[in-house]
Structure formats: C-alpha cells, structure tokens
file upload26.cif (mmCIF, C-alpha atoms)
data_start
loop_
_atom_site.label_atom_id
_atom_site.label_comp_id
_atom_site.auth_asym_id
_atom_site.auth_seq_id
_atom_site.Cartn_x
_atom_site.Cartn_y
_atom_site.Cartn_z
CA MET A 17 0.00 0.00 0.00
CA TRP A 18 2.83 2.39 0.83
CA HIS A 19 4.39 1.69 -2.56
CA ASN A 20 1.12 2.40 -4.38
CA ASN A 21 0.58 5.63 -2.47
CA SER A 22 4.11 6.72 -3.26
CA LEU A 23 3.59 5.86 -6.91
CA ARG A 24 0.36 7.81 -7.08
CA MET A 25 2.08 10.76 -5.36
CA SER A 26 4.94 10.60 -7.89
CA ASN A 27 2.46 10.53 -10.76
CA ARG A 28 0.61 13.49 -9.28
CA LEU A 29 3.84 15.47 -8.88
CA ALA A 30 4.85 14.63 -12.43
CA THR A 31 1.48 15.81 -13.70
CA LEU A 32 1.77 19.07 -11.75
CA SER A 33 5.28 19.61 -13.09
CA LEU A 34 4.06 19.05 -16.64
CA LEU A 35 1.12 21.42 -16.14
CA SER A 36 3.46 24.04 -14.69
CA ALA A 37 5.77 23.71 -17.67
CA LEU A 38 2.88 24.05 -20.10
CA LEU A 39 1.58 27.07 -18.20
CA MET A 40 5.00 28.74 -18.38
CA LEU A 41 5.08 28.13 -22.12
CA ALA A 42 1.57 29.51 -22.50
CA VAL A 43 2.32 32.80 -20.73
CA LEU A 44 5.62 33.55 -22.46
CA PRO A 45 5.49 37.16 -23.72
CA LEU A 46 4.41 37.47 -27.35
CA THR A 47 6.48 39.85 -29.45
CA GLN A 48 6.49 40.87 -33.08
CA THR A 49 10.22 40.34 -33.37
CA SER A 50 11.82 37.11 -34.46
CA GLN A 51 13.12 34.57 -31.96
CA ALA A 52 16.69 35.45 -32.85
CA GLN A 53 16.09 39.14 -32.15
CA THR A 54 14.36 38.32 -28.84
CA THR A 55 17.27 36.11 -27.75
CA LEU A 56 19.77 38.83 -28.65
CA ARG A 57 17.81 41.48 -26.75
CA ASN A 58 17.56 39.27 -23.65
CA ALA A 59 21.29 38.54 -23.81
CA GLU A 60 22.05 42.26 -23.93
CA SER A 61 19.72 42.91 -20.99
CA LEU A 62 21.31 40.24 -18.77
CA GLN A 63 24.66 40.90 -17.11
CA LEU A 64 26.59 38.34 -15.08
CA ARG A 65 29.73 39.15 -13.15
CA GLY A 66 31.66 37.83 -10.19
CA VAL A 67 34.56 38.60 -7.90
CA MET A 68 36.66 36.47 -5.56
CA PHE A 69 39.34 37.26 -3.00
CA MET A 70 41.64 34.33 -2.21
CA ASP A 71 44.32 33.88 0.46
CA TYR A 72 47.24 31.60 1.13
CA ASN A 73 48.28 31.28 4.77
CA TYR A 74 51.44 29.82 6.28
CA VAL A 75 52.23 29.70 10.01
CA VAL A 76 55.94 30.45 10.36
CA SER A 77 56.15 29.93 14.12
CA ASP A 78 53.77 29.12 16.93
CA PRO A 79 54.25 28.24 20.62
CA GLY A 80 51.86 25.33 20.10
CA ASP A 81 51.86 22.75 17.27
CA ALA A 82 50.52 25.10 14.49
CA ALA A 83 53.95 25.92 13.04
CA GLY A 84 54.06 24.80 9.42
CA ASP A 85 50.30 24.74 8.97
CA ASN A 86 49.30 26.23 5.64
CA GLY A 87 46.42 26.30 3.23
CA PHE A 88 44.45 28.11 0.57
CA GLY A 89 41.17 29.81 1.31
CA TYR A 90 38.80 32.45 0.10
CA ARG A 91 37.87 35.62 1.92
CA ARG A 92 34.88 36.54 -0.21
CA VAL A 93 33.10 35.18 -3.29
CA ARG A 94 30.34 37.15 -5.01
CA LEU A 95 28.21 36.38 -8.06
CA THR A 96 25.88 39.11 -9.35
CA SER A 97 23.15 38.94 -11.97
CA ASP A 98 21.46 42.10 -13.28
CA TYR A 99 18.53 41.92 -15.68
CA ARG A 100 17.05 45.03 -17.29
CA VAL A 101 13.32 44.51 -17.82
CA ASN A 102 12.92 47.84 -19.65
CA SER A 103 14.40 51.34 -19.55
CA ASP A 104 13.03 51.99 -16.03
CA MET A 105 13.04 48.56 -14.38
CA ARG A 106 15.80 46.18 -13.47
CA VAL A 107 16.22 43.16 -11.21
CA ARG A 108 19.33 42.21 -9.23
CA VAL A 109 20.16 38.85 -7.67
CA ARG A 110 23.48 38.60 -5.81
CA LEU A 111 24.87 35.52 -4.05
CA GLU A 112 27.78 35.82 -1.65
CA ALA A 113 29.91 33.60 0.56
CA ASP A 114 32.93 34.11 2.79
CA ASP A 115 35.21 31.94 4.87
CA ASP A 116 32.75 32.07 7.79
CA SER A 117 29.48 31.34 5.98
CA ASP A 118 27.79 29.23 3.34
CA PRO A 119 26.46 30.99 0.22
CA TYR A 120 23.55 33.30 0.97
CA VAL A 121 21.39 35.86 -0.84
CA LYS A 122 23.08 39.25 -0.52
CA ASP A 123 20.79 41.24 -2.85
CA LEU A 124 17.38 40.41 -4.26
CA PHE A 125 15.38 43.41 -5.44
CA LEU A 126 13.33 45.06 -8.15
CA ARG A 127 14.31 48.67 -8.88
CA TRP A 128 11.76 50.92 -10.61
CA ASP A 129 13.27 54.21 -11.77
CA ASN A 130 11.07 57.29 -12.27
CA ALA A 131 8.22 55.48 -10.52
CA LEU A 132 7.07 58.60 -8.64
CA GLY A 133 8.30 61.21 -11.09
CA GLU A 134 11.57 62.08 -12.79
CA GLY A 135 14.50 60.79 -10.72
CA HIS A 136 12.35 59.19 -7.99
CA ARG A 137 12.75 55.42 -7.68
CA ILE A 138 11.26 52.55 -5.69
CA ILE A 139 13.29 49.51 -4.62
CA ALA A 140 11.49 46.42 -3.30
CA GLY A 141 13.32 43.46 -1.76
CA ILE A 142 16.69 42.93 -0.08
CA SER A 143 18.81 46.04 -0.58
CA ASN A 144 21.07 48.40 1.36
CA PRO A 145 19.47 50.82 3.85
CA PRO A 146 20.30 54.53 3.45
CA ALA A 147 22.71 54.67 6.37
CA TYR A 148 26.36 54.64 5.23
CA VAL A 149 26.10 54.26 1.45
CA VAL A 150 27.59 57.73 0.89
CA SER A 151 30.50 57.32 3.33
CA GLU A 152 31.33 53.85 2.00
CA ALA A 153 31.44 55.08 -1.61
CA PHE A 154 33.56 58.10 -0.66
CA TYR A 155 35.93 55.93 1.40
CA GLY A 156 36.28 53.50 -1.50
CA TYR A 157 38.06 50.68 0.35
CA ARG A 158 35.36 48.37 1.66
CA SER A 159 37.62 45.47 0.62
CA LEU A 160 40.15 46.57 3.26
CA GLU A 161 37.77 47.41 6.11
CA LYS A 162 34.10 48.15 6.65
CA THR A 163 33.02 51.67 7.53
CA ILE A 164 32.46 52.14 11.25
CA MET A 165 28.67 51.67 11.41
CA ASP A 166 28.95 48.48 9.40
CA ARG A 167 31.93 47.16 11.37
CA GLU A 168 30.28 47.83 14.74
CA LYS A 169 26.98 46.32 13.48
CA ILE A 170 25.03 49.49 14.27
CA VAL A 171 23.11 49.12 11.00
CA SER A 172 23.18 46.01 8.83
CA SER A 173 24.42 46.45 5.26
CA ARG A 174 21.16 44.86 4.00
CA ASP A 175 17.52 44.78 5.00
CA PHE A 176 14.32 43.37 3.47
CA GLY A 177 11.73 46.02 2.72
CA LEU A 178 10.58 48.93 0.58
CA SER A 179 12.87 51.85 -0.25
CA PHE A 180 12.23 55.26 -1.84
CA GLN A 181 14.97 57.48 -3.30
CA GLY A 182 15.06 60.69 -5.27
CA PRO A 183 15.92 64.41 -5.48
CA VAL A 184 14.74 67.22 -3.24
CA GLY A 185 16.03 70.40 -4.84
CA ASN A 186 19.82 70.07 -4.91
CA LEU A 187 19.77 67.25 -2.36
CA GLN A 188 18.96 63.53 -2.48
CA TYR A 189 16.72 61.70 -0.04
CA GLY A 190 16.47 58.04 0.96
CA LEU A 191 13.63 56.42 2.93
CA MET A 192 13.17 52.76 3.80
CA ILE A 193 10.80 50.64 5.88
CA ALA A 194 12.08 47.11 6.47
CA ASN A 195 12.02 44.01 8.67
CA ASN A 196 15.19 44.84 10.65
CA SER A 197 16.41 41.27 10.12
CA SER A 198 19.22 41.91 7.61
CA ASN A 199 18.84 39.60 4.59
CA GLY A 200 17.17 36.84 6.62
CA GLU A 201 13.52 36.11 7.25
CA GLU A 202 11.38 38.32 9.48
CA THR A 203 11.61 37.44 13.17
CA ASN A 204 8.95 39.72 14.70
CA ARG A 205 6.11 42.06 13.75
CA GLN A 206 8.08 45.25 14.40
CA LYS A 207 9.76 47.22 11.62
CA ARG A 208 12.71 49.58 11.21
CA VAL A 209 12.43 52.93 9.44
CA TYR A 210 15.50 54.59 7.87
CA GLY A 211 15.89 58.11 6.52
CA GLN A 212 18.74 60.13 5.03
CA ILE A 213 19.47 63.41 3.23
CA GLN A 214 22.68 63.71 1.24
CA SER A 215 24.62 65.94 -1.10
CA GLU A 216 27.47 64.85 -3.36
CA GLY A 217 29.55 67.57 -5.03
CA GLU A 218 32.91 67.64 -6.77
CA ALA A 219 34.65 68.85 -3.60
CA LEU A 220 32.22 68.51 -0.69
CA THR A 221 30.08 65.45 0.08
CA TRP A 222 27.89 65.06 3.16
CA SER A 223 24.96 63.11 4.56
CA ILE A 224 22.74 63.23 7.65
CA GLY A 225 20.47 60.37 8.61
CA GLY A 226 18.86 58.27 11.26
CA ASP A 227 16.65 55.29 11.89
CA TYR A 228 14.08 54.04 14.37
CA ALA A 229 13.70 50.35 15.22
CA ALA A 230 10.78 49.14 17.32
CA LEU A 231 11.54 46.21 19.64
CA GLU A 232 9.35 43.95 21.73
CA GLY A 233 10.18 45.87 24.90
CA GLY A 234 11.63 49.15 23.70
CA SER A 235 13.26 50.75 20.70
CA ILE A 236 16.54 51.79 19.11
CA VAL A 237 17.15 55.25 17.68
CA THR A 238 20.32 55.96 15.71
CA GLY A 239 21.60 59.23 14.30
CA ASN A 240 24.54 59.44 11.89
CA ALA A 241 26.42 62.04 9.89
CA PHE A 242 29.24 62.09 7.36
CA VAL A 243 31.27 64.81 5.68
CA GLY A 244 33.97 64.31 3.06
CA TYR A 245 36.19 66.72 1.14
CA ARG A 246 38.31 66.24 -2.01
CA PHE A 247 41.26 68.45 -2.99
CA ASP A 248 44.48 68.07 -5.01
CA GLY A 249 44.62 64.26 -5.04
CA PHE A 250 43.52 63.93 -1.41
CA ARG A 251 40.21 63.09 0.19
CA LEU A 252 39.36 63.41 3.86
CA GLY A 253 36.34 61.91 5.61
CA LEU A 254 34.70 62.15 9.02
CA GLU A 255 31.83 59.86 10.04
CA GLY A 256 30.02 59.50 13.35
CA TYR A 257 26.98 57.86 14.90
CA PHE A 258 25.05 58.07 18.17
CA SER A 259 22.54 55.45 19.30
CA PRO A 260 20.73 55.53 22.65
CA VAL A 261 19.35 52.03 23.23
CA ARG A 262 16.47 51.07 25.51
CA PRO A 263 16.67 47.30 25.92
CA GLU A 264 13.78 45.24 27.25
CA ASP A 265 15.56 44.03 30.37
CA GLU A 266 17.07 47.34 31.49
CA THR A 267 15.86 50.70 32.68
CA GLY A 268 17.36 53.92 31.44
CA GLU A 269 19.39 54.31 28.31
CA LEU A 270 22.62 52.77 27.12
CA ASP A 271 24.44 55.04 24.69
CA ARG A 272 26.45 53.71 21.77
CA MET A 273 28.65 56.12 19.85
CA GLY A 274 31.56 56.11 17.45
CA VAL A 275 33.69 58.32 15.22
CA SER A 276 35.83 57.45 12.20
CA VAL A 277 38.39 59.73 10.52
CA PHE A 278 40.24 58.75 7.36
CA GLY A 279 42.48 60.25 4.72
CA VAL A 280 43.32 58.93 1.26
CA ALA A 281 46.23 60.29 -0.78
CA SER A 282 46.73 59.52 -4.46
CA LEU A 283 50.40 58.64 -5.08
CA ASN A 284 49.95 57.93 -8.80
CA ASP A 285 47.29 56.73 -11.21
CA LYS A 286 47.20 53.24 -9.66
CA THR A 287 48.36 53.70 -6.05
CA GLU A 288 46.78 55.34 -3.02
CA ALA A 289 47.86 55.59 0.62
CA ILE A 290 45.21 55.30 3.35
CA LEU A 291 45.26 56.39 6.98
CA ARG A 292 42.26 55.75 9.23
CA TYR A 293 41.43 56.07 12.93
CA ASP A 294 38.25 54.74 14.60
CA PHE A 295 36.91 55.31 18.09
CA SER A 296 33.81 53.56 19.45
CA ASN A 297 32.21 53.03 22.84
CA ARG A 298 32.73 49.27 22.81
CA ASP A 299 31.85 48.76 26.48
CA ALA A 300 28.34 50.06 25.87
CA MET A 301 27.87 47.68 22.96
CA GLY A 302 28.16 44.52 25.04
#

call {"tool": "encode", "arguments": {"input": "upload26.cif", "output": "structure tokens"}}
result
Amino acid sequence: MWHNNSLRMSNRLATLSLLSALLMLAVLPLTQTSQAQTTLRNAESLQLRGVMFMDYNYVVSDPGDAAGDNGFGYRRVRLTSDYRVNSDMRVRVRLEADDDSDPYVKDLFLRWDNALGEGHRIIAGISNPPAYVVSEAFYGYRSLEKTIMDREKIVSSRDFGLSFQGPVGNLQYGLMIANNSSNGEETNRQKRVYGQIQSEGEALTWSIGGDYAALEGGSIVTGNAFVGYRFDGFRLGLEGYFSPVRPEDETGELDRMGVSVFGVASLNDKTEAILRYDFSNRDAMG
C-alpha cells in the first residue's frame, strides 16, 4: 500500500510539473520580433559578473603545534546577476559567501526608476538601507575594512523592505521601511524605518540620517552624519553615529557612539595611501 501511495504521489507530482511547464510556455510574452532578435535582446539585458578574494596562509612559528600549517582559502566570493526589464526597471540577484558562511542571498530586489516622477525610484526586496552608502562610496576601500557603522553592526548592510529614493532640490533623499532582520527572514512584527538626506559635489560630500527600530520591549534610535572633502589628489572623511538604546531588560538608556576619521592620498594613477582612525564606545555595545 505504501508503494502504491508513493507511486500515485509521484504521478501526481509529475502531472503538476508538466502542467506548470505548459503554463509557463503559454504565458511567455508574445512579441512581433523574431526569436533570434528576442534572444539577442535578452542577452544584452542580462549581465553576469563575479569577484573572488583568495588567500594563502602559512604559520611560520607558533608556541603550540601550528607551526608549518598552511592552506588556501577564500575571503569573499560574489556572483551578481542584473537583468534590465525595460528602460526603467531592473532586477538584481546577488549571491555571496565568505570563509565564515555558506552561500547566501546578498541582494534580491526590483528597482523601478522614475516610478514617482523624474528621478524618484522605488526599490522592493533585499537592498542596502540609506545609512552609510555615501560614506562607504567616498571611502572607497570596503575590501580593506568596513566603515564604522557596518563594522560595529550598528546598522546592517542589507535589510528586506521597501525603499524610496530621489531628489529634493539640490539634495537627495532616501527612505526605507524594512524588517530589521538583515537579509534573513522576518523574526517579529516590528519594523525599522530609515531616513537620510545627502549631497554629493565635486569637492564637498555630506549626509545626515537616522533610523528608528521598534523592539518587543523598547526601541533603538540611531543618528549618523558624514562629511567628506576632495582636494588636489587627497580626500578626507569624518563619520560618526550616536545610538541611545532602551533594551527590554534594562531601565534607562545605554548610549552607543563612534567616530571614524580617514584620509586617502593619491600617489599615482594606480596607487593610493590610506590612513584611518576609529573610536567607538565598545563597552556600551556589550
């Protein structure tokens, strides 16, 4: 009897798979162009790229038995797929893995440009909150070290939600409402709201932002600011954050704060020197 039930279940699954395949064929978009032209257009709309950082380690000396240990490894592997649906819509899927994790979904979103007017876009899915995007781009060396809010895990580099971006006069705004669970599944009914105003000029770049996260027994409020200046082959940056936290199991507030200062000097067309100093209230962060 178990064998017959299993067989009937297999037949049912096969039938559903066949129906699904037929349905997919039936709803394929109809175009007036030839199949060759459609294939060419789809190929031009799809972009695939990847990057990998590899290491080789050798232990020269060790007080224990690790001397002589060696091996190859990877620090980060990233595969990105971008598909342009039309002139205003595109989809991104990015998979990533590092030496501490299995592959996971880093980005998964639909971006709709000019959705609310010229220059105003909507992004739905897993994307980066408007917290330190400006400072990270200005710094330019995420491969060496995360910016301070990312490194101290004040704000995750990704969140799952709905984002709005666009111009306000000479400035740019960013708003996002999300799960506050990074790129994982939602863990509670509360949400996190992010907001930021920024300006990027040839010499001066700055941003001011903040976010509010509701918790089961309290909330987290974070304020952040960044200012950067370019001149004569140099760029200087100053970033800071302040976050009073009201945990569920404590009374009063626990303040988290940090400041990062960095300078980048261009030595030639291919070489830059970097100097950076970070200060953070680590004791308050637990």

call {"tool": "residues_around", "arguments": {"input": "upload26.cif", "residues": "region 217-233 of chain A", "least_positions_apart": "3", "cutoff": "8 Å", "atoms": "all atoms listed in the file", "output": "list in words"}}
result
Pro146, Ala147, Val150, Asn196, Gln206, Lys207, Arg208, Val209, Tyr210, Gly211, Gln212, Ile213, Gln214, Ile236, Val237, Thr238, Gly239, Asn240, Ala241, Phe242, Val243, Gly244, Tyr245, Arg246, Phe247, Pro263, Glu264 and Asp265 of chain A

call {"tool": "resolve_selection", "arguments": {"input": "upload26.cif", "expression": "the PyMOL selection byres ((chain A and resi 273) around 12)", "output": "PyMOL selection string"}}
result
chain A and resi 164-165+168-170+237-241+255-261+270-272+274-276+294-301

call {"tool": "closest_residue", "arguments": {"input": "upload26.cif", "among": "A:Ser173, A:Ser117, A:Ser179, A:Asn102", "to": "Ile139 (chain A)", "atoms": "all atoms listed in the file"}}
result
A:Ser179

call {"tool": "residues_around", "arguments": {"input": "upload26.cif", "residues": "Leu132 (chain A)", "least_positions_apart": "6", "cutoff": "10 Å", "atoms": "all atoms listed in the file", "output": "PDB file with C-alpha atoms, in the coordinates of the input"}}
result
ATOM      1  CA  ILE A 138      11.260  52.550  -5.690  1.00  0.00           C
ATOM      2  CA  PHE A 180      12.230  55.260  -1.840  1.00  0.00           C
ATOM      3  CA  GLN A 181      14.970  57.480  -3.300  1.00  0.00           C
ATOM      4  CA  GLY A 182      15.060  60.690  -5.270  1.00  0.00           C
TER       5      GLY A 182
END

call {"tool": "residues_around", "arguments": {"input": "upload26.cif", "residues": "region 62-76 of chain A", "least_positions_apart": "6", "cutoff": "6 Å", "atoms": "all atoms listed in the file", "output": "NGL selection string"}}
result
:A and (83-99)

call {"tool": "atom_distance", "arguments": {"input": "upload26.cif", "atom1": "CA of Asn186 (chain A)", "atom2": "CA of Arg158 (chain A)"}}
result
27.5 Å

call {"tool": "closest_residue", "arguments": {"input": "upload26.cif", "among": "A:Glu152, A:Asp115, A:Asp104, A:Asp78", "to": "Glu134 (chain A)", "atoms": "all atoms listed in the file"}}
result
A:Asp104
